[in-house]
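Asks: Contents are TSV, C-alpha atoms; file name data-v4.tsv:
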```tsv
chain	number	residue	atom	x	y	z
A	93	MET	CA	0.00	0.00	0.00
A	94	ILE	CA	1.42	3.40	-0.95
A	95	GLU	CA	1.55	5.99	1.83
A	96	PHE	CA	1.34	9.64	0.87
A	97	GLU	CA	3.16	12.17	3.03
A	98	GLU	CA	1.01	15.16	3.96
A	99	ILE	CA	2.16	18.24	2.07
A	100	LYS	CA	2.68	21.19	4.39
A	101	GLU	CA	1.52	24.66	3.53
A	102	LYS	CA	4.45	26.93	2.69
A	103	VAL	CA	3.90	30.30	4.31
A	104	ILE	CA	5.54	33.69	4.57
A	105	LEU	CA	5.27	35.49	7.91
A	106	VAL	CA	4.56	39.22	7.78
A	107	GLY	CA	4.76	41.77	10.59
A	108	VAL	CA	4.63	45.53	11.07
A	109	SER	CA	7.12	47.19	13.42
A	110	LEU	CA	5.64	50.40	14.82
A	111	ASN	CA	8.87	51.55	16.49
A	112	ASP	CA	12.51	50.46	16.69
A	113	GLY	CA	12.19	49.16	20.24
A	114	ASP	CA	9.18	46.86	19.81
A	115	ASP	CA	9.22	43.07	19.89
A	116	THR	CA	8.05	42.38	16.33
A	117	GLN	CA	10.98	40.04	15.59
A	118	ASP	CA	10.34	38.03	18.77
A	119	SER	CA	6.62	37.92	17.99
A	120	LEU	CA	7.35	36.58	14.50
A	121	THR	CA	9.66	33.92	15.97
A	122	GLU	CA	6.73	32.81	18.12
A	123	LEU	CA	4.41	33.01	15.09
A	124	GLU	CA	6.75	30.64	13.23
A	125	GLU	CA	6.36	28.15	16.07
A	126	LEU	CA	2.58	28.60	15.94
A	127	ALA	CA	2.60	28.04	12.17
A	128	SER	CA	4.67	24.87	12.61
A	129	THR	CA	2.26	23.60	15.28
A	130	ALA	CA	-0.61	24.24	12.85
A	131	GLY	CA	1.19	22.21	10.17
A	132	ALA	CA	2.83	24.89	8.02
A	133	GLN	CA	6.41	25.41	6.89
A	134	THR	CA	7.80	28.95	7.05
A	135	VAL	CA	9.69	29.82	3.85
A	136	GLY	CA	10.11	33.56	4.37
A	137	VAL	CA	9.74	36.48	6.78
A	138	LEU	CA	8.95	40.11	5.93
A	139	ILE	CA	8.87	43.08	8.34
A	140	GLN	CA	7.85	46.63	7.49
A	141	THR	CA	8.60	49.55	9.79
A	142	ARG	CA	5.73	52.05	9.79
A	143	THR	CA	4.25	54.63	12.12
A	144	GLN	CA	0.95	52.75	11.95
A	145	ILE	CA	-0.51	49.66	10.31
A	146	HIS	CA	-2.03	50.43	6.90
A	147	PRO	CA	-5.82	50.43	7.45
A	148	GLY	CA	-6.58	49.03	4.01
A	149	THR	CA	-3.80	46.58	3.16
A	150	TYR	CA	-1.82	46.06	6.43
A	151	LEU	CA	1.41	46.82	4.50
A	152	GLY	CA	2.24	49.77	2.28
A	153	SER	CA	2.10	49.40	-1.51
A	154	GLY	CA	5.88	49.08	-1.87
A	155	LYS	CA	6.09	46.23	0.63
A	156	LEU	CA	3.13	44.52	-1.01
A	157	GLU	CA	5.08	44.42	-4.28
A	158	GLU	CA	8.12	43.06	-2.43
A	159	LEU	CA	5.92	40.45	-0.78
A	160	SER	CA	4.47	39.45	-4.17
A	161	GLU	CA	7.99	38.81	-5.49
A	162	LEU	CA	8.85	36.80	-2.36
A	163	ILE	CA	5.76	34.63	-2.89
A	164	TYR	CA	6.96	33.86	-6.43
A	165	GLU	CA	10.55	33.13	-5.35
A	166	THR	CA	9.61	30.85	-2.46
A	167	GLU	CA	6.55	29.26	-4.09
A	168	ALA	CA	4.62	30.09	-0.93
A	169	THR	CA	0.98	28.99	-0.75
A	170	GLY	CA	-0.09	31.49	1.91
A	171	ILE	CA	0.68	34.56	4.02
A	172	ILE	CA	0.33	34.79	7.80
A	173	CYS	CA	0.16	38.31	9.26
A	174	ASP	CA	1.23	38.78	12.87
A	175	ASP	CA	-1.81	40.92	13.75
A	176	GLU	CA	-5.54	40.29	13.46
A	177	LEU	CA	-6.72	41.57	10.08
A	178	SER	CA	-9.92	43.46	9.45
A	179	PRO	CA	-12.26	42.10	6.75
A	180	ALA	CA	-11.16	44.92	4.43
A	181	GLN	CA	-7.44	44.22	4.97
A	182	LEU	CA	-8.01	40.53	4.34
A	183	ARG	CA	-9.90	41.08	1.07
A	184	ASN	CA	-7.55	43.79	-0.21
A	185	MET	CA	-4.41	41.75	0.50
A	186	GLU	CA	-5.97	38.72	-1.15
A	187	ASP	CA	-6.85	40.75	-4.26
A	188	ALA	CA	-3.36	42.28	-4.42
A	189	LEU	CA	-1.40	39.06	-3.86
A	190	ASP	CA	-3.77	36.42	-5.26
A	191	THR	CA	-2.95	33.95	-2.49
A	192	LYS	CA	-4.36	32.68	0.78
A	193	ILE	CA	-4.22	35.31	3.53
A	194	MET	CA	-4.28	34.36	7.21
A	195	ASP	CA	-3.60	36.17	10.46
A	196	ARG	CA	-2.26	35.22	13.88
A	197	THR	CA	-5.77	34.80	15.30
A	198	LEU	CA	-6.77	32.30	12.61
A	199	VAL	CA	-3.66	30.20	13.28
A	200	ILE	CA	-4.29	30.11	17.04
A	201	LEU	CA	-7.94	29.20	16.48
A	202	ASP	CA	-6.83	26.43	14.12
A	203	ILE	CA	-4.47	24.98	16.75
A	204	PHE	CA	-7.22	25.12	19.35
A	205	ALA	CA	-9.55	23.25	16.97
A	206	LYS	CA	-6.91	20.53	16.62
A	207	ARG	CA	-6.24	20.30	20.37
A	208	ALA	CA	-9.81	20.34	21.73
A	209	SER	CA	-10.83	16.86	22.86
A	210	THR	CA	-13.74	17.31	25.29
A	211	SER	CA	-17.22	18.39	24.25
A	212	GLU	CA	-16.80	21.62	26.25
A	213	GLY	CA	-13.53	22.43	24.52
A	214	LYS	CA	-15.00	21.76	21.10
A	215	ILE	CA	-18.00	23.99	21.80
A	216	GLN	CA	-15.76	26.81	22.98
A	217	VAL	CA	-13.44	26.58	19.98
A	218	GLU	CA	-16.24	26.38	17.41
A	219	LEU	CA	-17.95	29.36	19.01
A	220	ALA	CA	-14.73	31.40	18.84
A	221	GLN	CA	-14.14	30.37	15.23
A	222	LEU	CA	-17.65	31.26	14.09
A	223	LYS	CA	-17.56	34.66	15.77
A	224	TYR	CA	-14.22	35.37	14.11
A	225	GLN	CA	-15.39	34.13	10.72
A	226	LEU	CA	-18.80	35.81	10.75
A	227	ALA	CA	-17.31	39.25	10.11
A	228	ARG	CA	-15.00	37.80	7.43
A	229	LEU	CA	-17.49	35.53	5.68
A	230	VAL	CA	-17.15	37.20	2.28
A	231	GLY	CA	-13.38	37.61	2.37
A	232	LEU	CA	-12.66	34.11	3.63
A	233	ARG	CA	-15.00	32.28	1.27
A	234	SER	CA	-12.92	32.79	-1.86
A	235	SER	CA	-9.55	31.98	-0.31
A	236	LEU	CA	-10.75	28.80	1.39
A	237	SER	CA	-12.58	27.50	-1.67
A	238	ARG	CA	-9.51	28.10	-3.86
A	239	LEU	CA	-6.96	26.38	-1.61
A	240	GLY	CA	-9.26	23.65	-0.28
A	241	GLY	CA	-7.71	22.82	3.08
A	242	GLY	CA	-4.88	23.72	5.41
A	243	ILE	CA	-4.82	26.25	8.25
A	244	GLY	CA	-8.21	27.73	9.03
A	245	THR	CA	-10.31	24.89	7.67
A	246	ARG	CA	-10.54	22.78	10.83
A	247	GLY	CA	-13.64	23.03	12.99
A	248	PRO	CA	-16.49	24.87	11.22
A	249	GLY	CA	-14.54	24.84	7.95
A	250	GLU	CA	-15.69	25.70	4.44
A	251	LYS	CA	-19.07	24.02	4.72
A	252	LYS	CA	-20.30	26.40	7.40
A	253	LEU	CA	-18.71	29.39	5.69
A	254	GLU	CA	-20.98	28.72	2.72
A	255	MET	CA	-24.02	29.23	4.94
A	256	ASP	CA	-25.61	32.61	4.93
A	257	ARG	CA	-25.07	34.89	7.91
A	258	ARG	CA	-28.43	34.00	9.40
A	259	LEU	CA	-27.53	30.31	9.69
A	260	VAL	CA	-24.14	31.14	11.21
A	261	LYS	CA	-25.80	33.39	13.77
A	262	GLU	CA	-28.28	30.62	14.60
A	263	ARG	CA	-25.39	28.20	15.15
A	264	ILE	CA	-23.67	30.76	17.41
A	265	ALA	CA	-26.88	31.14	19.43
A	266	GLN	CA	-27.14	27.36	19.79
A	267	LEU	CA	-23.51	27.07	20.94
A	268	ASN	CA	-24.06	29.87	23.44
A	269	ARG	CA	-26.98	27.93	24.92
A	270	GLU	CA	-24.86	24.78	25.15
A	271	LEU	CA	-22.00	26.74	26.71
A	272	LYS	CA	-24.40	28.31	29.22
A	273	GLU	CA	-25.40	24.81	30.34
A	274	VAL	CA	-21.74	23.80	30.63
A	275	LYS	CA	-21.06	26.93	32.67
A	276	ARG	CA	-23.99	26.13	34.97
A	277	HIS	CA	-22.59	22.62	35.53
A	278	ARG	CA	-19.14	24.10	36.25
A	279	GLU	CA	-20.65	26.51	38.78
A	280	VAL	CA	-22.42	23.62	40.54
A	281	THR	CA	-19.12	21.72	40.75
A	282	ARG	CA	-17.36	24.85	42.01
A	283	SER	CA	-20.01	25.53	44.68
A	284	GLN	CA	-19.71	21.91	45.85
A	285	ARG	CA	-15.97	22.40	46.31
A	286	GLN	CA	-16.59	25.59	48.26
A	287	LYS	CA	-19.16	23.79	50.40
A	288	ASN	CA	-16.61	21.08	51.17
A	289	ARG	CA	-14.05	23.84	51.83
A	290	ILE	CA	-11.33	22.06	49.88
A	291	PRO	CA	-8.76	24.69	48.83
A	292	VAL	CA	-8.00	25.12	45.13
A	293	ALA	CA	-4.77	26.16	43.39
A	294	ALA	CA	-5.03	27.20	39.73
A	295	ILE	CA	-1.99	26.55	37.56
A	296	VAL	CA	-1.49	29.40	35.08
A	297	GLY	CA	1.32	30.41	32.77
A	298	TYR	CA	2.45	31.10	29.25
A	299	THR	CA	1.84	28.30	26.79
A	300	ASN	CA	4.53	25.58	26.92
A	301	ALA	CA	5.80	26.76	30.32
A	302	GLY	CA	5.34	23.26	31.78
A	303	LYS	CA	1.94	23.44	33.48
A	304	SER	CA	0.82	19.97	32.40
A	305	THR	CA	4.16	18.43	33.36
A	306	LEU	CA	3.83	19.99	36.81
A	307	LEU	CA	0.32	18.59	37.26
A	308	ASN	CA	1.44	15.15	36.08
A	309	THR	CA	4.51	15.03	38.32
A	310	LEU	CA	2.61	16.16	41.41
A	311	THR	CA	-0.55	14.11	40.96
A	312	GLY	CA	0.02	11.51	38.23
A	313	ALA	CA	-2.76	13.10	36.17
A	314	GLN	CA	-1.45	11.66	32.86
A	315	VAL	CA	-2.23	14.85	30.96
A	316	LEU	CA	-0.65	15.03	27.49
A	317	GLU	CA	2.86	16.53	27.58
A	318	GLU	CA	4.51	17.84	24.42
A	319	ASP	CA	7.15	20.47	23.76
A	320	GLN	CA	4.65	22.42	21.67
A	321	LEU	CA	2.45	25.46	22.03
A	322	PHE	CA	-1.03	24.64	23.40
A	323	ALA	CA	-0.20	20.92	23.78
A	324	THR	CA	-3.17	20.64	26.15
A	325	LEU	CA	-6.35	22.65	25.95
A	326	ASP	CA	-8.98	21.11	28.18
A	327	PRO	CA	-8.65	21.87	31.91
A	328	THR	CA	-7.88	19.06	34.35
A	329	THR	CA	-8.42	19.04	38.12
A	330	ARG	CA	-6.65	16.59	40.44
A	331	SER	CA	-6.27	16.23	44.20
A	332	LEU	CA	-2.89	16.55	45.95
A	333	THR	CA	-2.10	15.52	49.52
A	334	LEU	CA	0.30	17.95	51.23
A	335	PRO	CA	2.84	16.99	53.95
A	336	SER	CA	0.32	18.04	56.64
A	337	ARG	CA	-2.15	15.60	55.01
A	338	GLN	CA	-4.23	18.57	53.90
A	339	GLN	CA	-6.00	17.96	50.59
A	340	ILE	CA	-5.75	20.61	47.86
A	341	LEU	CA	-7.17	20.60	44.33
A	342	LEU	CA	-4.86	21.57	41.46
A	343	THR	CA	-6.55	22.87	38.30
A	344	ASP	CA	-4.66	23.24	35.03
A	345	THR	CA	-5.73	26.09	32.71
A	346	VAL	CA	-5.22	26.86	29.03
A	347	GLY	CA	-1.87	28.51	28.30
A	348	PHE	CA	-1.66	32.24	27.67
A	349	ILE	CA	0.10	33.82	24.70
A	350	ARG	CA	0.74	37.34	23.44
A	351	LYS	CA	-2.09	38.71	21.30
A	352	LEU	CA	-4.43	36.00	22.61
A	353	PRO	CA	-7.55	36.40	20.41
A	354	HIS	CA	-10.38	38.13	22.26
A	355	HIS	CA	-12.81	35.61	20.74
A	356	LEU	CA	-10.97	32.87	22.61
A	357	ILE	CA	-10.87	34.80	25.88
A	358	GLU	CA	-14.64	35.28	25.66
A	359	ALA	CA	-15.34	31.66	24.68
A	360	PHE	CA	-13.03	30.23	27.34
A	361	ARG	CA	-13.99	32.71	30.04
A	362	SER	CA	-15.79	30.10	32.16
A	363	THR	CA	-12.73	27.84	31.98
A	364	LEU	CA	-10.24	30.62	32.65
A	365	GLU	CA	-12.34	31.83	35.56
A	366	GLU	CA	-11.27	28.71	37.48
A	367	ALA	CA	-8.33	30.91	38.44
A	368	LYS	CA	-10.73	33.62	39.61
A	369	TYR	CA	-12.29	31.34	42.21
A	370	ALA	CA	-9.05	29.63	43.27
A	371	ASP	CA	-7.43	30.25	46.65
A	372	ILE	CA	-3.90	30.23	45.23
A	373	ILE	CA	-2.40	30.98	41.82
A	374	LEU	CA	0.59	28.84	40.78
A	375	HIS	CA	2.31	30.89	38.07
A	376	VAL	CA	4.57	28.57	36.05
A	377	VAL	CA	7.42	30.35	34.22
A	378	ASP	CA	9.82	28.87	31.66
A	379	VAL	CA	13.18	30.32	32.73
A	380	SER	CA	14.92	28.78	29.70
A	381	ASN	CA	12.92	30.96	27.29
A	382	PRO	CA	14.75	34.14	26.17
A	383	GLN	CA	11.42	35.99	26.33
A	384	VAL	CA	10.73	34.98	29.92
A	385	GLU	CA	10.09	38.51	31.24
A	386	LYS	CA	7.75	39.36	28.33
A	387	GLN	CA	5.88	36.11	28.91
A	388	MET	CA	5.44	36.91	32.61
A	389	TYR	CA	4.03	40.32	31.64
A	390	VAL	CA	1.53	38.72	29.22
A	391	VAL	CA	0.31	36.32	31.94
A	392	TYR	CA	-0.32	39.13	34.43
A	393	GLU	CA	-1.96	41.25	31.73
A	394	THR	CA	-4.32	38.38	30.85
A	395	LEU	CA	-5.16	37.75	34.52
A	396	ALA	CA	-6.00	41.45	34.88
A	397	ASP	CA	-8.24	41.28	31.78
A	398	LEU	CA	-10.12	38.41	33.43
A	399	GLY	CA	-10.57	40.45	36.60
A	400	ILE	CA	-8.38	38.11	38.67
A	401	ALA	CA	-6.80	40.04	41.54
A	402	GLY	CA	-6.07	39.79	45.25
A	403	LYS	CA	-4.92	36.16	45.04
A	404	THR	CA	-1.90	34.62	46.74
A	405	ILE	CA	0.56	34.04	43.89
A	406	ILE	CA	3.38	31.50	44.02
A	407	THR	CA	5.66	31.87	40.99
A	408	LEU	CA	7.51	28.73	39.95
A	409	PHE	CA	10.64	29.34	37.89
A	410	ASN	CA	10.43	26.08	35.95
A	411	LYS	CA	12.82	24.15	33.66
A	412	GLN	CA	15.86	24.65	35.91
A	413	ASP	CA	17.18	21.39	34.42
A	414	ARG	CA	17.76	23.25	31.15
A	415	MET	CA	19.92	25.94	32.73
A	416	ASP	CA	23.71	25.50	32.71
A	417	THR	CA	24.20	28.65	34.75
A	418	PRO	CA	21.77	30.21	37.27
A	419	VAL	CA	19.62	33.06	35.95
A	420	ASN	CA	18.56	35.83	38.31
A	421	ILE	CA	14.88	36.45	37.53
A	422	ARG	CA	12.48	38.13	39.93
A	423	ASP	CA	8.74	38.43	40.11
A	424	PHE	CA	7.76	41.39	42.25
A	425	LYS	CA	4.05	40.60	41.87
A	426	ALA	CA	4.39	37.17	43.49
A	427	ASP	CA	3.97	36.50	47.20
A	428	LYS	CA	6.47	33.64	47.03
A	429	THR	CA	8.88	32.32	44.38
A	430	LEU	CA	10.52	28.91	43.97
A	431	LYS	CA	13.00	27.38	41.54
A	432	ILE	CA	11.72	24.05	40.24
A	433	SER	CA	11.96	21.49	37.49
A	434	ALA	CA	8.59	19.86	36.89
A	435	LYS	CA	10.36	17.29	34.70
A	436	THR	CA	12.93	16.09	37.26
A	437	GLY	CA	10.95	16.89	40.42
A	438	GLU	CA	13.48	19.44	41.69
A	439	GLY	CA	11.90	21.82	44.21
A	440	LEU	CA	8.49	20.11	44.26
A	441	GLU	CA	8.75	18.94	47.88
A	442	GLN	CA	9.50	22.54	48.81
A	443	LEU	CA	6.45	23.58	46.77
A	444	LYS	CA	4.22	21.24	48.79
A	445	GLU	CA	5.62	22.67	52.02
A	446	THR	CA	5.04	26.21	50.71
A	447	LEU	CA	1.44	25.37	49.85
A	448	ASP	CA	1.04	24.07	53.40
A	449	GLU	CA	2.47	27.31	54.79
A	450	VAL	CA	0.16	29.49	52.69
A	451	LEU	CA	-2.89	27.50	53.71
A	452	HIS	CA	-1.85	27.50	57.38
A	453	GLU	CA	-1.64	31.29	57.31
A	454	ARG	CA	-5.41	31.23	56.70
A	455	HIS	CA	-6.05	28.56	59.31
A	456	ILE	CA	-6.34	28.48	63.10
A	457	LEU	CA	-4.31	26.14	65.29
A	458	LEU	CA	-6.60	23.64	67.03
A	459	GLU	CA	-5.57	21.52	70.03
A	460	ARG	CA	-8.30	19.38	71.53
A	461	VAL	CA	-9.19	15.96	72.89
A	462	PHE	CA	-12.16	14.50	71.00
A	463	PRO	CA	-14.37	11.90	72.70
A	464	TYR	CA	-14.30	8.62	70.77
A	465	GLU	CA	-17.96	9.04	69.82
A	466	LYS	CA	-16.97	12.24	67.92
A	467	ALA	CA	-14.14	10.62	65.96
A	468	GLY	CA	-15.97	11.50	62.74
A	469	LEU	CA	-14.96	15.13	63.23
A	470	ILE	CA	-11.30	14.12	62.96
A	471	ALA	CA	-11.95	12.74	59.46
A	472	LEU	CA	-13.37	16.17	58.60
A	473	ILE	CA	-10.21	17.83	59.93
A	474	ARG	CA	-8.04	15.53	57.83
A	475	GLU	CA	-10.03	16.40	54.72
A	476	GLN	CA	-10.37	20.15	55.15
A	477	GLY	CA	-7.47	21.07	57.40
A	478	GLY	CA	-3.89	20.10	58.12
A	479	LEU	CA	-3.48	17.40	60.79
A	480	ILE	CA	-0.19	17.84	62.67
A	481	SER	CA	-0.53	15.01	65.19
A	482	GLU	CA	-3.05	12.76	66.91
A	483	ASP	CA	-2.73	10.64	70.03
A	484	TYR	CA	-5.15	7.99	71.26
A	485	ARG	CA	-5.65	8.49	74.97
A	486	GLU	CA	-7.87	7.01	77.64
A	487	ASN	CA	-10.34	9.89	77.56
A	488	GLY	CA	-10.36	10.35	73.77
A	489	ILE	CA	-8.23	11.31	70.78
A	490	TYR	CA	-5.87	14.25	71.18
A	491	VAL	CA	-5.62	16.26	67.93
A	492	LYS	CA	-3.31	19.08	66.95
A	493	ALA	CA	-4.18	20.58	63.56
A	494	TYR	CA	-4.61	23.69	61.47
A	495	VAL	CA	-8.21	24.14	60.36
A	496	PRO	CA	-10.10	26.76	58.31
A	497	LYS	CA	-11.83	29.45	60.36
A	498	GLU	CA	-15.25	28.19	59.29
A	499	LEU	CA	-14.43	24.65	60.42
A	500	TYR	CA	-12.85	25.79	63.69
A	501	ALA	CA	-16.18	27.03	65.00
A	502	ARG	CA	-17.70	23.66	64.20
A	503	VAL	CA	-15.08	21.38	65.82
A	504	SER	CA	-13.68	23.42	68.69
A	505	GLY	CA	-16.77	23.42	70.88
```
Written as structure tokens, that's how I'd like the structure from this file.
Replies:
Amino acid sequence: MIEFEEIKEKVILVGVSLNDGDDTQDSLTELEELASTAGAQTVGVLIQTRTQIHPGTYLGSGKLEELSELIYETEATGIICDDELSPAQLRNMEDALDTKIMDRTLVILDIFAKRASTSEGKIQVELAQLKYQLARLVGLRSSLSRLGGGIGTRGPGEKKLEMDRRLVKERIAQLNRELKEVKRHREVTRSQRQKNRIPVAAIVGYTNAGKSTLLNTLTGAQVLEEDQLFATLDPTTRSLTLPSRQQILLTDTVGFIRKLPHHLIEAFRSTLEEAKYADIILHVVDVSNPQVEKQMYVVYETLADLGIAGKTIITLFNKQDRMDTPVNIRDFKADKTLKISAKTGEGLEQLKETLDEVLHERHILLERVFPYEKAGLIALIREQGGLISEDYRENGIYVKAYVPKELYARVSG
């Protein structure tokens, strides 16, 4: 049987530098990685320095001619712009260059469509794609029908783009109803956790910082680990027992990235809000990445956009195993910082102890002898608090533990 190798799209990456000190080159380096993750091969890069992005064609006329020549020389099958294009920019660039035009948002949406595995994730991604495509229905239709596949055709794809706007809007309304039901279910689950008073730590960070590896190493969650952007998309929650025997829930969240499409933020808001209702934020940072400080800034900017504030933040400077020499990085927004390697386990015992310390700061020290007929309360302390010691005596069970304030009133009397 003959096996045919999948032919990758050959793309040229295009960016606009608005001043000499911006990070356009770094952003395009990241865009190349995104394109590769989406299944494309980068064959050229073009940057234009302008005071502002051209409102009609993204690039100026001179650069468009240069780009047209580059397409011919490299035999590129598409262009990926580093910024989200307006419908007019998309159509005008397509007319001028006679090739498939994509933007950063489309590539990220395409990757999300490939990564989504749960029904919730698929609903969220399709909703984001349809909202993005609705405004570009006319401009996208010709390019997708001509090239017949590749980036931007996963998920809703060409079939739905051929619907009229009314049908697309009806599909969006249906997905919103389904997402509302998912959100209601998530809120029920969250309220149950709060009722049980089990603390929650949300794992956040830039994409590919090592969040899934951390969750796997700590809890054995068996979440997919790959050295790729957005390797995992669907959130996972697992229980972790701390040294004090206190139980804590760890929740993984979707990775952040610069210029994260607002359609995705809106669609994934219920998922991302897991961090909003968490007791602790574990901010995972890839110290081996040259753009580490920029990535930290993007994470905090995204958290602020989601209205997440006033949380205890523990920043984990991850991937220490990749560093030949120590790097002095600080996070002034964090309450505590630790150097770890989620891959090798370095620093993770200290992390557990730190989580214990943070939780104990919110707890009250309880010392009491419980009559044997009230032994059930000790099980409650083990589950919701941190048991330091217990001693079986003639008159009952002596317990020394840290317990939440709400629980203290219940078990101290």
Asks: Kindly give the distance, in Å, that separates CA of Val379 in chain A and CA of Asn410 in chain A, rounded to a single decimal.
Replies: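 Between CA of Val379 in chain A and CA of Asn410 in chain A the gap works out to 6.0 Å.
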Asks: Just want the 6 Å neighbourhood of range 459-470 of chain A, counted on only C-alpha atoms, with same-chain residues fewer than 5 positions away dropped. Output as a ChimeraX atom specification.
Replies: /A:488-492
Asks: Quick one: of A:Ile432, A:Ile406, A:Val296, A:Leu334, who's nearest to Thr394 in chain A, counting all atoms listed in the file?
Replies: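 Looking at the shortest contact to Thr394 in chain A, the residue is A:Val296.
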Asks: I'd like the contact shell of Glu270 in chain A - 12 Å cut-off, only C-alpha atoms, skipping same-chain residues fewer than 3 positions apart - returned as a PDB file with C-alpha atoms, keeping the file's coordinate frame.
Replies:
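The new file around-v1.pdb reads:
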```
ATOM      1  CA  SER A 211     -17.220  18.390  24.250  1.00  0.00           C
ATOM      2  CA  GLU A 212     -16.800  21.620  26.250  1.00  0.00           C
ATOM      3  CA  GLY A 213     -13.530  22.430  24.520  1.00  0.00           C
ATOM      4  CA  LYS A 214     -15.000  21.760  21.100  1.00  0.00           C
ATOM      5  CA  ILE A 215     -18.000  23.990  21.800  1.00  0.00           C
ATOM      6  CA  GLN A 216     -15.760  26.810  22.980  1.00  0.00           C
ATOM      7  CA  GLU A 218     -16.240  26.380  17.410  1.00  0.00           C
ATOM      8  CA  LEU A 219     -17.950  29.360  19.010  1.00  0.00           C
ATOM      9  CA  ARG A 263     -25.390  28.200  15.150  1.00  0.00           C
ATOM     10  CA  ILE A 264     -23.670  30.760  17.410  1.00  0.00           C
ATOM     11  CA  ALA A 265     -26.880  31.140  19.430  1.00  0.00           C
ATOM     12  CA  GLN A 266     -27.140  27.360  19.790  1.00  0.00           C
ATOM     13  CA  LEU A 267     -23.510  27.070  20.940  1.00  0.00           C
ATOM     14  CA  GLU A 273     -25.400  24.810  30.340  1.00  0.00           C
ATOM     15  CA  VAL A 274     -21.740  23.800  30.630  1.00  0.00           C
ATOM     16  CA  LYS A 275     -21.060  26.930  32.670  1.00  0.00           C
ATOM     17  CA  ARG A 276     -23.990  26.130  34.970  1.00  0.00           C
ATOM     18  CA  HIS A 277     -22.590  22.620  35.530  1.00  0.00           C
ATOM     19  CA  ALA A 359     -15.340  31.660  24.680  1.00  0.00           C
TER      20      ALA A 359
END
```
Asks: Using all atoms listed in the file, I'd like a table of the residues in range 99-158 of chain A that come within 8 Å of range 167-174 of chain A; for each, show the closest atom pair and its distance in Å rounded to one decimal, ordered by chain and ascending number, as CSV.
Replies:
```
residue,atom,partner,partner_atom,distance
A:Glu101,CA,A:Thr169,CA,6.1
A:Lys102,CA,A:Ala168,CA,4.8
A:Val103,CA,A:Gly170,CA,4.8
A:Ile104,CA,A:Ile171,CA,5.0
A:Leu105,CA,A:Ile172,CA,5.0
A:Val106,CA,A:Cys173,CA,4.7
A:Gly107,CA,A:Asp174,CA,5.2
A:Val108,CA,A:Asp174,CA,7.8
A:Ser119,CA,A:Asp174,CA,7.5
A:Leu120,CA,A:Asp174,CA,6.7
A:Leu123,CA,A:Asp174,CA,7.0
A:Val135,CA,A:Ala168,CA,7.0
```
Asks: Have a look at A:Val217, A:Val384, A:Lys223, A:Asp187 and name the one nearest to Thr299 in chain A; count all atoms listed in the file.
Replies: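 Result for the nearest residue to Thr299 in chain A: A:Val384.
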Asks: Excluding Thr309 in chain A and residues on its chain fewer than 6 positions from it, collect all residues at most 9 Å away from it, counting only C-alpha atoms, and give them as number ranges by chain.
Replies: A: 434-437, 440
Asks: Would you export the selected residues with C-alpha atoms as a PDB file, keeping the file's coordinate frame, please?
Replies:
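Saved the output as result_24.pdb:
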```
ATOM      1  CA  ALA A 434       8.590  19.860  36.890  1.00  0.00           C
ATOM      2  CA  LYS A 435      10.360  17.290  34.700  1.00  0.00           C
ATOM      3  CA  THR A 436      12.930  16.090  37.260  1.00  0.00           C
ATOM      4  CA  GLY A 437      10.950  16.890  40.420  1.00  0.00           C
ATOM      5  CA  LEU A 440       8.490  20.110  44.260  1.00  0.00           C
TER       6      LEU A 440
END
```
Asks: Between A:Ile357, A:Leu138, A:Ala294, A:Ala401, which has the minimum distance to Arg330 in chain A (counting all atoms listed in the file)?
Replies: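 Nearest to Arg330 in chain A: A:Ala294.
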Asks: Can you pull out every residue within 12 Å of Lys444 in chain A, counting only C-alpha atoms, but drop anything in the same chain fewer than 4 positions away, and send it as a ChimeraX atom specification?
Replies: /A:293,310-311,332-340,342,374,406,430,432,437-440,448-451
Asks: Include C-alpha atoms and write out the residues we just selected as an mmCIF file, in the coordinates of the input.
Replies:
```cif
data_model
loop_
_atom_site.group_PDB
_atom_site.id
_atom_site.type_symbol
_atom_site.label_atom_id
_atom_site.label_comp_id
_atom_site.auth_asym_id
_atom_site.auth_seq_id
_atom_site.Cartn_x
_atom_site.Cartn_y
_atom_site.Cartn_z
ATOM 1 C CA ALA A 293 -4.770 26.160 43.390
ATOM 2 C CA LEU A 310 2.610 16.160 41.410
ATOM 3 C CA THR A 311 -0.550 14.110 40.960
ATOM 4 C CA LEU A 332 -2.890 16.550 45.950
ATOM 5 C CA THR A 333 -2.100 15.520 49.520
ATOM 6 C CA LEU A 334 0.300 17.950 51.230
ATOM 7 C CA PRO A 335 2.840 16.990 53.950
ATOM 8 C CA SER A 336 0.320 18.040 56.640
ATOM 9 C CA ARG A 337 -2.150 15.600 55.010
ATOM 10 C CA GLN A 338 -4.230 18.570 53.900
ATOM 11 C CA GLN A 339 -6.000 17.960 50.590
ATOM 12 C CA ILE A 340 -5.750 20.610 47.860
ATOM 13 C CA LEU A 342 -4.860 21.570 41.460
ATOM 14 C CA LEU A 374 0.590 28.840 40.780
ATOM 15 C CA ILE A 406 3.380 31.500 44.020
ATOM 16 C CA LEU A 430 10.520 28.910 43.970
ATOM 17 C CA ILE A 432 11.720 24.050 40.240
ATOM 18 C CA GLY A 437 10.950 16.890 40.420
ATOM 19 C CA GLU A 438 13.480 19.440 41.690
ATOM 20 C CA GLY A 439 11.900 21.820 44.210
ATOM 21 C CA LEU A 440 8.490 20.110 44.260
ATOM 22 C CA ASP A 448 1.040 24.070 53.400
ATOM 23 C CA GLU A 449 2.470 27.310 54.790
ATOM 24 C CA VAL A 450 0.160 29.490 52.690
ATOM 25 C CA LEU A 451 -2.890 27.500 53.710
#
```
Asks: One number please: CA of Asp175 in chain A to CA of Thr197 in chain A, in Å, one decimal.
Replies: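 Calculated distance between CA of Asp175 in chain A and CA of Thr197 in chain A is 7.5 Å.
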